[in-house]
Amino acid sequence: MALVKPDLQVDIGNLHLQNPVMTASGTFGYGEEFASIVDLSRLGAIVVKGISVVPRVGNSPPRVAETACGMLNAIGLENVGVERFVSEKLPYLRNVNVPVVVNILGDTTEEYQDLASQLNDIPEVAAIEVNISCPNVKKGGVAFGTDPEMAQTVTRTVRENCSKPIIVKLSPNVTDITVIAKAVEDAGADAVSLINTILGMAINTGRRRPVLANVVGGLSGPAIKPIALRMVWQAANAVNIPIVGIGGICSAQDAVEFLLAGASAIQVGTANFINPRVTEEVIDGIREYLIGQKMESVQECIGALKV
Amino acid sequence: MALVKPDLQVDIGNLHLQNPVMTASGTFGYGEEFASIVDLSRLGAIVVKGISVVPRVGNSPPRVAETACGMLNAIGLENVGVERFVSEKLPYLRNVNVPVVVNILGDTTEEYQDLASQLNDIPEVAAIEVNISCPNVKKGGVAFGTDPEMAQTVTRTVRENCSKPIIVKLSPNVTDITVIAKAVEDAGADAVSLINTILGMAINTGRRRPVLANVVGGLSGPAIKPIALRMVWQAANAVNIPIVGIGGICSAQDAVEFLLAGASAIQVGTANFINPRVTEEVIDGIREYLIGQKMESVQECIGALKV
Amino acid sequence: MESFQEKSEIIKVEQLTDDVIRLTLHSQAIAKATLPGQFVMIKVSGGHDPLLRRPFSLHRTDGKETVQILYKVLGRGTKILSEFCAGQKLDIVGPLGHGFTIKKDKPTCLVGGGMGIAPLLFLADTMLNSLEPQNIIVLLGAQTKAELEPLAGGFEKLGLVVETATDDGSLGHHGFVIDLMDKFETDPSREMYACGPYPMMRAVARKSEILGWNCQVSLETMMACGLAACLGCAYPRKYGSGYVHVCKDGPVFDSEEVLWL
Amino acid sequence: MESFQEKSEIIKVEQLTDDVIRLTLHSQAIAKATLPGQFVMIKVSGGHDPLLRRPFSLHRTDGKETVQILYKVLGRGTKILSEFCAGQKLDIVGPLGHGFTIKKDKPTCLVGGGMGIAPLLFLADTMLNSLEPQNIIVLLGAQTKAELEPLAGGFEKLGLVVETATDDGSLGHHGFVIDLMDKFETDPSREMYACGPYPMMRAVARKSEILGWNCQVSLETMMACGLAACLGCAYPRKYGSGYVHVCKDGPVFDSEEVLWL
Ligand SMILES: Cc1cc2nc3c(=O)[nH]c(=O)nc-3n(C[C@H](O)[C@H](O)[C@H](O)COP(=O)(O)OP(=O)(O)OC[C@H]3O[C@@H](n4cnc5c(N)ncnc54)[C@H](O)[C@@H]3O)c2cc1C
Ligand SMILES: Cc1cc2nc3c(=O)[nH]c(=O)nc-3n(C[C@H](O)[C@H](O)[C@H](O)COP(=O)(O)OP(=O)(O)OC[C@H]3O[C@@H](n4cnc5c(N)ncnc54)[C@H](O)[C@@H]3O)c2cc1C
Ligand SMILES: Cc1cc2nc3c(=O)[nH]c(=O)nc-3n(C[C@H](O)[C@H](O)[C@H](O)COP(=O)(O)O)c2cc1C
Ligand SMILES: Cc1cc2nc3c(=O)[nH]c(=O)nc-3n(C[C@H](O)[C@H](O)[C@H](O)COP(=O)(O)O)c2cc1C
Ligand code: FES
Ligand code: FES
């Protein structure tokens, strides 16, 4: 294949991507849901909905609420479990020529270990994204991702049980994102992705009740972009592993901001709900940006912010 | 004066307010700026722009950037300094029959001490709001407000030098807001106000430069409301002192959400820029809400969230 | 099932009452693919506020070029939608979801309340391909005559007999549309199709259960994506634990499938 | 200084070129209070996106009932503004800022570029109360004839002689408006009034400095409030440290007051 200019290819550790645009976990189903609108084979990678050891039914509704330029979700990590994921969802993705990144989650280190070793044997799985925003049930429900030691333990466990590229997905609900980023880098992560949703809340004043049955939920969408971008920039200045930028990306321009801040790839989340075609638009727009800036490769753009 | 129903009065420690609607520091100048549009005497209180021991010129421009449903600012704490504040700005406010809360900031504990003792002698100052989001220059620039011990030290210092009501204004850039809230409660704060702005960033992709000269800035406006509301609710469940809710409030409905979550009063910030008349609309709207909910007093609404 | 994302031109805006509007959109792909009971997700703002698309049932289609939606101005999103004019374009995604199942040759009863009437016209129209008009009973309710009359007209034009109920008694029975079901109690089994406010659908579902009739209901939940991706539109199942997803498993469900709260 | 927040009805929308629009607004309070060089802040979206008001200079006023702004569609905010029709209302705050200082009896030169011409018409109109037309020179520049012609017309109607320059040479001098200043080099001192793109104003300021003439410039910065509250509109002072605030100390400054970057 002749090299298309500008060159959009990037590598996240050993994970090779034809372009830096991935879908964010939980916002693109298992890929198939968007197949009639998006040419899946054009994507950098598909990150599937977070998978746990056993299926989860998720939280009571209402599970979503609209906020100013954002949304809150408390889906409660509903998913079909790793077995059904492999038997029912992966076969479809096998036929789409696109890397599949599996987002995993657990309540205990053992669950992460179990998932990592099960998925390690599945050839269709290109990489693992470790969601550490989940509550650690053994440590009283404090999220793994808010404590550097717990984050490190989970990362090390996954690392020891899995030879595929490991991306650790960071929680933004921390004082200093660089501390967590460095902790998981030290523990053997091949890359970090950030940010997950920010804890938020909405209240129905008429009923005097929280809008979400779960009381609090995760804030996502354009509203959080400035926060996500700042954290990506901070993390990029703190670690040496590649960074995947996430948070409120709705356009190629948003994506380029993350690349300039130091992300080697990006994920589009909530924007898939608003504009299902967005991922393809972002890919095309990044290419146009590079042409406009006379860059031959997206590599020139990564971390190219002048401060 | 006959008691007007519904009764909007609230107390923040010894600070008595005719209604729970205050202006947020840095978004309402020194009051006078809004006098031709807002009837200042109707406000619960005016919180003035943060004051330091010596005048500050602030950061280089650009200082503000627009984001999705929000804005970033890096004003750099420009202010006239405490002396000129007292001689030039307070006299105007003396004639407006409204409590004046002075927001103070410093780079060292000594500066907070100095400000607290100077302002303690000024009768027109109804209360002090301590902005602890500032960098502690002696501790390498880490914000006072992100470390419970530093937050406690500042609070204790102000407490020891000031007999007026002290409201400590919390930074949202922390893993667990309740830890900081409890720390300043223990150190003698009469109330906490939250949230200050969230650290964010924006990039001009064409120029490949940060939009703000300061690189990062504080995110405010409707975008952050869900995060602010969650933190207010968490803090309200953690401390026994009154809470002043701040963050993205643009309407009476927004204000009521904070009251229901446990705030005894609220501050309107960025919304003053978008709708200068907003504070009066919020006061009227809270009254209408109470009537609609058949509540005789705003007290019935505070913390009345059913979870 | 195939869905499409289109920039659809608005062909016609009809203001039926103060707050009820019928929109005709040019949308070949959706017009050709859609079945009764399915819906579309419409982006109402050019910016990011309000952020989410709004779901609307398909009210009618010519099966070739155009689709119609019928909606009520409720909040901010529908307010913005009401300001669009013919000639402008809307970003729409559809057809989405699992619609009504038409039971050939079985006597039928359609019960609609308020904007829930919207998808029933499309359903009735399609039913007439396989059912005689006299086998289709249409019961419609709304708050006032002003709201109900224009909606009922569509069914009458199809040659169907419509019985009406209004909250204020200004048209037909003074009371709930469900009351109109009483007189069919001795009828042989009918397939019920209900769409409207939740309490109405629950009442229809209960009555159908008592009569031993099968009943299909069209549910509404808050939806972020409409594409089975966000899992936000959960509604509790009747049997077993867990939830159905209204945007994919529904919006039309067998009333026995779901838990009535 | 008194400012007002009003819901102003749009009286007239004039599309001067593809992307230049003149809006006439009904706004008694602002019409009565405003002085040349002042501006208004307009809320362009009904929702929160885009969030901030947009600043526009006052282009003209009848001093009683109406004000005009003249603007170019640049980004998202002005795009939304361009979709408003006569009869609709805009939430506007003004008059704001410190305008031009008219020097009675002193020969004058107005230099405007692009949309910077907007406030100069109001200025010229007001000047004519205290200055003879022959003492007012008007130099206007823009990209093309299409853009410049409608703007120049307003000055001509006031009986002023206008000299023009366009980037493409389609009207007047082919080049920069600043070039038109050359021939006045031997004139006695004039008061200069400049509004336009930053490089143009810098050039006018430099030339004035060389000639020893006084020069007033109207600066633009990003503004969040326009009310002297946010301190976002900082611009470096020439002398001493610190900043002026464009929304309050300006937008019109003595060119000697500020640092030219
Ligand atoms: C499958 C389906 C089909 C529908 N068909 C029609 C129809 O044919 N005609 C019609 O008038 N209405 C229909 N609705 C309801 C319609 O979607 C809401 O009235 C509309 O979204 C309200 O938007 P708003 O911004 O005006 O109101 P808001 O101010 O956002 O809210 C008003 C009410 O609408 C609800 N709502 C808001 N957004 C959504 C959403 N994304 N999904 C579900 N509910 C929401 C809110 O919970 C609230 O109760 C349908 C809803 C669903 C789920
Ligand atoms: C005192 C003053 C008077 C002005 N008078 C006029 C006028 O008479 N006619 C005219 O056409 N334009 C005028 N402008 C410029 C006008 O405000 C901008 O063109 C407009 O805000 C762009 O908004 P947008 O959303 O379309 O563009 P955006 O997409 O937001 O941005 C386009 C450009 O406009 C700038 N801009 C955006 N918002 C602001 C803001 N709040 N303040 C300043 N600059 C901003 C951005 O930095 C960017 O360079 C004036 C500006 C100021 C400060
Ligand atoms: C409905 C929904 C479900 C999500 N589910 C997951 C998940 O299962 N695992 C995960 O790591 N992140 C999950 N996320 C977080 C997103 O992947 C992403 O990190 C976040 O939404 C921020 O990006 P955005 O602003 O582009 O949406 C979910 C987000 C949303 C909105
Ligand atoms: C331009 C600007 C200046 C501010 N200056 C101060 C300040 O001096 N001291 C302070 O404690 N907070 C300051 N803040 C923070 C606000 O008081 C408020 O906490 C924050 O903006 C969140 O509220 P909002 O979303 O309603 O604006 C400032 C905010 C803005 C936007
Ligand atoms: S609305 Fe997103 S899954 Fe149904
Ligand atoms: S724009 Fe806010 S102070 Fe000038």
# chains A, B, ... in the order shown; residues from 1 in each chain; ligands from 1
>>> residues_around(residues="Leu119 in chain A", least_positions_apart="5", cutoff="10 Å", atoms="only C-alpha atoms", output="number ranges by chain")
A: 82-83, 86, 102, 104, 114, 124-128, 161-164
>>> residues_around(residues="Val142 in chain A", least_positions_apart="4", cutoff="12 Å", atoms="only C-alpha atoms", output="number ranges by chain")
A: 107-108, 132-138, 146-148, 150-151, 171, 173-174; B: 175-176
>>> write_last_selection(atoms="N, CA, C and O atoms", output="PDB file, in the first residue's frame")
ATOM      1  N   ASP A 107     -14.434  -5.103  40.705  1.00  0.00           N
ATOM      2  CA  ASP A 107     -14.585  -4.582  42.062  1.00  0.00           C
ATOM      3  C   ASP A 107     -13.419  -5.009  42.945  1.00  0.00           C
ATOM      4  O   ASP A 107     -13.262  -4.521  44.063  1.00  0.00           O
ATOM      5  N   THR A 108     -12.647  -5.968  42.436  1.00  0.00           N
ATOM      6  CA  THR A 108     -11.502  -6.455  43.206  1.00  0.00           C
ATOM      7  C   THR A 108     -10.334  -6.654  42.244  1.00  0.00           C
ATOM      8  O   THR A 108     -10.534  -6.787  41.028  1.00  0.00           O
ATOM      9  N   ILE A 132     -10.007   2.070  35.772  1.00  0.00           N
ATOM     10  CA  ILE A 132      -9.736   2.031  37.221  1.00  0.00           C
ATOM     11  C   ILE A 132     -10.580   3.046  37.983  1.00  0.00           C
ATOM     12  O   ILE A 132     -10.295   3.381  39.131  1.00  0.00           O
ATOM     13  N   SER A 133     -11.659   3.519  37.335  1.00  0.00           N
ATOM     14  CA  SER A 133     -12.561   4.429  38.050  1.00  0.00           C
ATOM     15  C   SER A 133     -13.557   3.662  38.919  1.00  0.00           C
ATOM     16  O   SER A 133     -14.419   4.262  39.559  1.00  0.00           O
ATOM     17  N   CYS A 134     -13.471   2.336  38.894  1.00  0.00           N
ATOM     18  CA  CYS A 134     -14.463   1.537  39.621  1.00  0.00           C
ATOM     19  C   CYS A 134     -14.152   1.517  41.108  1.00  0.00           C
ATOM     20  O   CYS A 134     -12.997   1.614  41.521  1.00  0.00           O
ATOM     21  N   PRO A 135     -15.200   1.350  41.921  1.00  0.00           N
ATOM     22  CA  PRO A 135     -14.984   1.282  43.366  1.00  0.00           C
ATOM     23  C   PRO A 135     -14.312  -0.026  43.751  1.00  0.00           C
ATOM     24  O   PRO A 135     -14.652  -1.085  43.249  1.00  0.00           O
ATOM     25  N   ASN A 136     -13.351   0.070  44.630  1.00  0.00           N
ATOM     26  CA  ASN A 136     -12.686  -1.110  45.164  1.00  0.00           C
ATOM     27  C   ASN A 136     -13.508  -1.578  46.360  1.00  0.00           C
ATOM     28  O   ASN A 136     -13.480  -0.970  47.423  1.00  0.00           O
ATOM     29  N   VAL A 137     -14.250  -2.676  46.173  1.00  0.00           N
ATOM     30  CA  VAL A 137     -15.169  -3.079  47.249  1.00  0.00           C
ATOM     31  C   VAL A 137     -14.425  -3.472  48.526  1.00  0.00           C
ATOM     32  O   VAL A 137     -14.926  -3.274  49.628  1.00  0.00           O
ATOM     33  N   LYS A 138     -13.217  -3.991  48.363  1.00  0.00           N
ATOM     34  CA  LYS A 138     -12.465  -4.400  49.559  1.00  0.00           C
ATOM     35  C   LYS A 138     -11.931  -3.198  50.330  1.00  0.00           C
ATOM     36  O   LYS A 138     -11.655  -3.291  51.507  1.00  0.00           O
ATOM     37  N   THR A 146      -8.332   6.624  42.257  1.00  0.00           N
ATOM     38  CA  THR A 146      -8.047   7.841  43.014  1.00  0.00           C
ATOM     39  C   THR A 146      -6.914   7.633  44.009  1.00  0.00           C
ATOM     40  O   THR A 146      -6.512   8.562  44.698  1.00  0.00           O
ATOM     41  N   ASP A 147      -6.417   6.419  44.077  1.00  0.00           N
ATOM     42  CA  ASP A 147      -5.324   6.115  45.003  1.00  0.00           C
ATOM     43  C   ASP A 147      -4.164   5.532  44.201  1.00  0.00           C
ATOM     44  O   ASP A 147      -4.311   4.500  43.557  1.00  0.00           O
ATOM     45  N   PRO A 148      -3.004   6.205  44.242  1.00  0.00           N
ATOM     46  CA  PRO A 148      -1.892   5.752  43.402  1.00  0.00           C
ATOM     47  C   PRO A 148      -1.505   4.298  43.672  1.00  0.00           C
ATOM     48  O   PRO A 148      -1.197   3.555  42.737  1.00  0.00           O
ATOM     49  N   MET A 150      -3.390   1.763  44.843  1.00  0.00           N
ATOM     50  CA  MET A 150      -4.384   0.830  44.307  1.00  0.00           C
ATOM     51  C   MET A 150      -4.303   0.792  42.777  1.00  0.00           C
ATOM     52  O   MET A 150      -4.420  -0.263  42.160  1.00  0.00           O
ATOM     53  N   ALA A 151      -4.106   1.969  42.194  1.00  0.00           N
ATOM     54  CA  ALA A 151      -4.000   2.032  40.728  1.00  0.00           C
ATOM     55  C   ALA A 151      -2.813   1.190  40.256  1.00  0.00           C
ATOM     56  O   ALA A 151      -2.886   0.474  39.248  1.00  0.00           O
ATOM     57  N   SER A 171      -9.018   8.136  36.129  1.00  0.00           N
ATOM     58  CA  SER A 171     -10.135   8.913  36.650  1.00  0.00           C
ATOM     59  C   SER A 171      -9.697  10.364  36.847  1.00  0.00           C
ATOM     60  O   SER A 171      -8.612  10.616  37.361  1.00  0.00           O
ATOM     61  N   ASN A 173     -11.092  12.420  38.870  1.00  0.00           N
ATOM     62  CA  ASN A 173     -11.537  12.894  40.186  1.00  0.00           C
ATOM     63  C   ASN A 173     -10.405  12.823  41.208  1.00  0.00           C
ATOM     64  O   ASN A 173     -10.539  12.224  42.269  1.00  0.00           O
ATOM     65  N   VAL A 174      -9.281  13.446  40.848  1.00  0.00           N
ATOM     66  CA  VAL A 174      -8.105  13.409  41.707  1.00  0.00           C
ATOM     67  C   VAL A 174      -7.462  14.787  41.778  1.00  0.00           C
ATOM     68  O   VAL A 174      -7.662  15.619  40.888  1.00  0.00           O
TER      69      VAL A 174
ATOM     70  N   THR B 175      -9.240  15.359  45.241  1.00  0.00           N
ATOM     71  CA  THR B 175      -9.837  14.029  45.145  1.00  0.00           C
ATOM     72  C   THR B 175     -11.092  13.942  45.993  1.00  0.00           C
ATOM     73  O   THR B 175     -12.101  13.388  45.585  1.00  0.00           O
ATOM     74  N   ASP B 176     -11.022  14.494  47.202  1.00  0.00           N
ATOM     75  CA  ASP B 176     -12.144  14.337  48.130  1.00  0.00           C
ATOM     76  C   ASP B 176     -12.409  15.653  48.838  1.00  0.00           C
ATOM     77  O   ASP B 176     -11.693  16.043  49.757  1.00  0.00           O
TER      78      ASP B 176
END
>>> select_by_dssp(residues="range 63-211 of chain A", states="strand (DSSP E or B)", output="ChimeraX atom specification")
/A:64-67,70-73,79,100-104,125-131,135-136,142-143,166-169,191-194,198-201,203-204,209-210
>>> write_last_selection(atoms="N, CA and C atoms", output="short mmCIF file (atom, residue, chain, number, x, y, z; two decimals), in the first residue's frame")
data_model
loop_
_atom_site.label_atom_id
_atom_site.label_comp_id
_atom_site.auth_asym_id
_atom_site.auth_seq_id
_atom_site.Cartn_x
_atom_site.Cartn_y
_atom_site.Cartn_z
N VAL A 64 -29.62 8.59 32.85
CA VAL A 64 -28.94 9.70 32.17
C VAL A 64 -29.69 11.01 32.42
N ALA A 65 -28.96 12.09 32.39
CA ALA A 65 -29.56 13.42 32.54
C ALA A 65 -28.76 14.38 31.67
N GLU A 66 -29.47 15.33 31.12
CA GLU A 66 -28.80 16.32 30.29
C GLU A 66 -28.36 17.49 31.17
N THR A 67 -27.17 18.02 30.92
CA THR A 67 -26.70 19.21 31.64
C THR A 67 -26.21 20.22 30.60
N GLY A 70 -23.39 19.08 28.40
CA GLY A 70 -22.88 17.81 28.90
C GLY A 70 -24.01 16.88 29.25
N MET A 71 -23.64 15.71 29.74
CA MET A 71 -24.65 14.78 30.24
C MET A 71 -24.06 14.02 31.43
N LEU A 72 -24.96 13.59 32.29
CA LEU A 72 -24.57 12.75 33.41
C LEU A 72 -25.03 11.34 33.09
N ASN A 73 -24.20 10.35 33.39
CA ASN A 73 -24.69 8.98 33.26
C ASN A 73 -24.34 8.19 34.50
N ASN A 79 -23.27 -4.72 31.53
CA ASN A 79 -22.59 -5.38 30.42
C ASN A 79 -22.87 -6.87 30.43
N VAL A 100 -9.67 -4.04 18.03
CA VAL A 100 -10.65 -3.99 19.10
C VAL A 100 -9.92 -3.88 20.43
N VAL A 101 -10.24 -2.82 21.16
CA VAL A 101 -9.68 -2.63 22.49
C VAL A 101 -10.77 -2.97 23.49
N VAL A 102 -10.47 -3.85 24.42
CA VAL A 102 -11.48 -4.25 25.40
C VAL A 102 -11.26 -3.51 26.71
N ASN A 103 -12.30 -2.78 27.09
CA ASN A 103 -12.29 -2.04 28.35
C ASN A 103 -12.73 -2.99 29.46
N ILE A 104 -11.92 -3.11 30.51
CA ILE A 104 -12.28 -4.05 31.58
C ILE A 104 -12.44 -3.34 32.91
N VAL A 125 -8.56 -9.65 20.31
CA VAL A 125 -8.41 -8.51 21.22
C VAL A 125 -7.05 -7.87 20.97
N ALA A 126 -7.07 -6.63 20.47
CA ALA A 126 -5.82 -5.95 20.11
C ALA A 126 -5.13 -5.36 21.33
N ALA A 127 -5.91 -4.91 22.28
CA ALA A 127 -5.35 -4.29 23.48
C ALA A 127 -6.39 -4.28 24.57
N ILE A 128 -5.93 -3.98 25.77
CA ILE A 128 -6.84 -3.92 26.91
C ILE A 128 -6.78 -2.51 27.49
N GLU A 129 -7.97 -1.98 27.74
CA GLU A 129 -8.03 -0.69 28.44
C GLU A 129 -8.58 -0.98 29.83
N VAL A 130 -7.82 -0.60 30.84
CA VAL A 130 -8.20 -0.92 32.22
C VAL A 130 -8.90 0.29 32.84
N ASN A 131 -10.19 0.12 33.09
CA ASN A 131 -10.96 1.19 33.72
C ASN A 131 -10.75 1.11 35.23
N PRO A 135 -15.20 1.35 41.92
CA PRO A 135 -14.98 1.28 43.37
C PRO A 135 -14.31 -0.03 43.75
N ASN A 136 -13.35 0.07 44.63
CA ASN A 136 -12.69 -1.11 45.16
C ASN A 136 -13.51 -1.58 46.36
N VAL A 142 -13.72 3.00 47.76
CA VAL A 142 -12.91 4.07 47.17
C VAL A 142 -12.46 3.62 45.77
N ALA A 143 -12.56 4.51 44.80
CA ALA A 143 -12.20 4.11 43.44
C ALA A 143 -10.72 3.76 43.36
N ILE A 166 -1.40 -2.68 27.17
CA ILE A 166 -2.30 -2.30 28.26
C ILE A 166 -2.37 -0.77 28.36
N ILE A 167 -3.61 -0.29 28.20
CA ILE A 167 -3.86 1.15 28.37
C ILE A 167 -4.61 1.31 29.69
N VAL A 168 -4.09 2.10 30.61
CA VAL A 168 -4.82 2.30 31.86
C VAL A 168 -5.60 3.61 31.77
N LYS A 169 -6.90 3.50 32.01
CA LYS A 169 -7.78 4.66 31.85
C LYS A 169 -7.98 5.36 33.18
N ALA A 191 0.38 2.53 28.10
CA ALA A 191 -0.17 3.86 27.78
C ALA A 191 -1.20 4.21 28.85
N VAL A 192 -1.54 5.50 28.92
CA VAL A 192 -2.68 5.90 29.76
C VAL A 192 -3.70 6.58 28.87
N SER A 193 -4.98 6.37 29.19
CA SER A 193 -6.03 7.12 28.51
C SER A 193 -6.74 7.96 29.56
N LEU A 194 -7.12 9.18 29.19
CA LEU A 194 -7.80 10.06 30.13
C LEU A 194 -8.50 11.16 29.35
N ILE A 198 -16.37 12.84 35.02
CA ILE A 198 -16.18 13.57 36.28
C ILE A 198 -17.45 13.42 37.11
N LEU A 199 -17.29 13.13 38.37
CA LEU A 199 -18.47 12.90 39.21
C LEU A 199 -19.31 14.17 39.31
N GLY A 200 -20.59 14.03 39.02
CA GLY A 200 -21.50 15.18 39.05
C GLY A 200 -22.87 14.78 39.55
N MET A 201 -23.78 15.75 39.55
CA MET A 201 -25.10 15.53 40.14
C MET A 201 -26.10 16.51 39.54
N ILE A 203 -30.40 17.80 40.17
CA ILE A 203 -31.56 17.67 41.06
C ILE A 203 -32.82 18.15 40.36
N ASN A 204 -33.86 17.37 40.50
CA ASN A 204 -35.17 17.77 40.02
C ASN A 204 -35.83 18.58 41.14
N ARG A 209 -35.79 15.62 44.31
CA ARG A 209 -35.03 14.37 44.27
C ARG A 209 -33.91 14.51 43.26
N PRO A 210 -32.87 13.69 43.44
CA PRO A 210 -31.82 13.64 42.41
C PRO A 210 -32.46 13.20 41.08
#
>>> atom_distance(atom1="CA of Glu296 in chain A", atom2="CA of Ala213 in chain B")
28.5 Å
>>> residues_near_ligand(ligand="ligand 4", cutoff="8 Å", atoms="only C-alpha atoms and all ligand atoms", output="ChimeraX atom specification")
/B:23-27,48-51,64,70-75,77-78,103-105,129-133,169,194-197,218-225,246-250,267-271 /D:224,229-232
>>> interface_residues(of="chain C", to="chain A", cutoff="7 Å", atoms="only C-alpha atoms", output="number ranges by chain")
C: 2-5, 48-53, 222, 224-225, 227-232, 234-235, 242-243
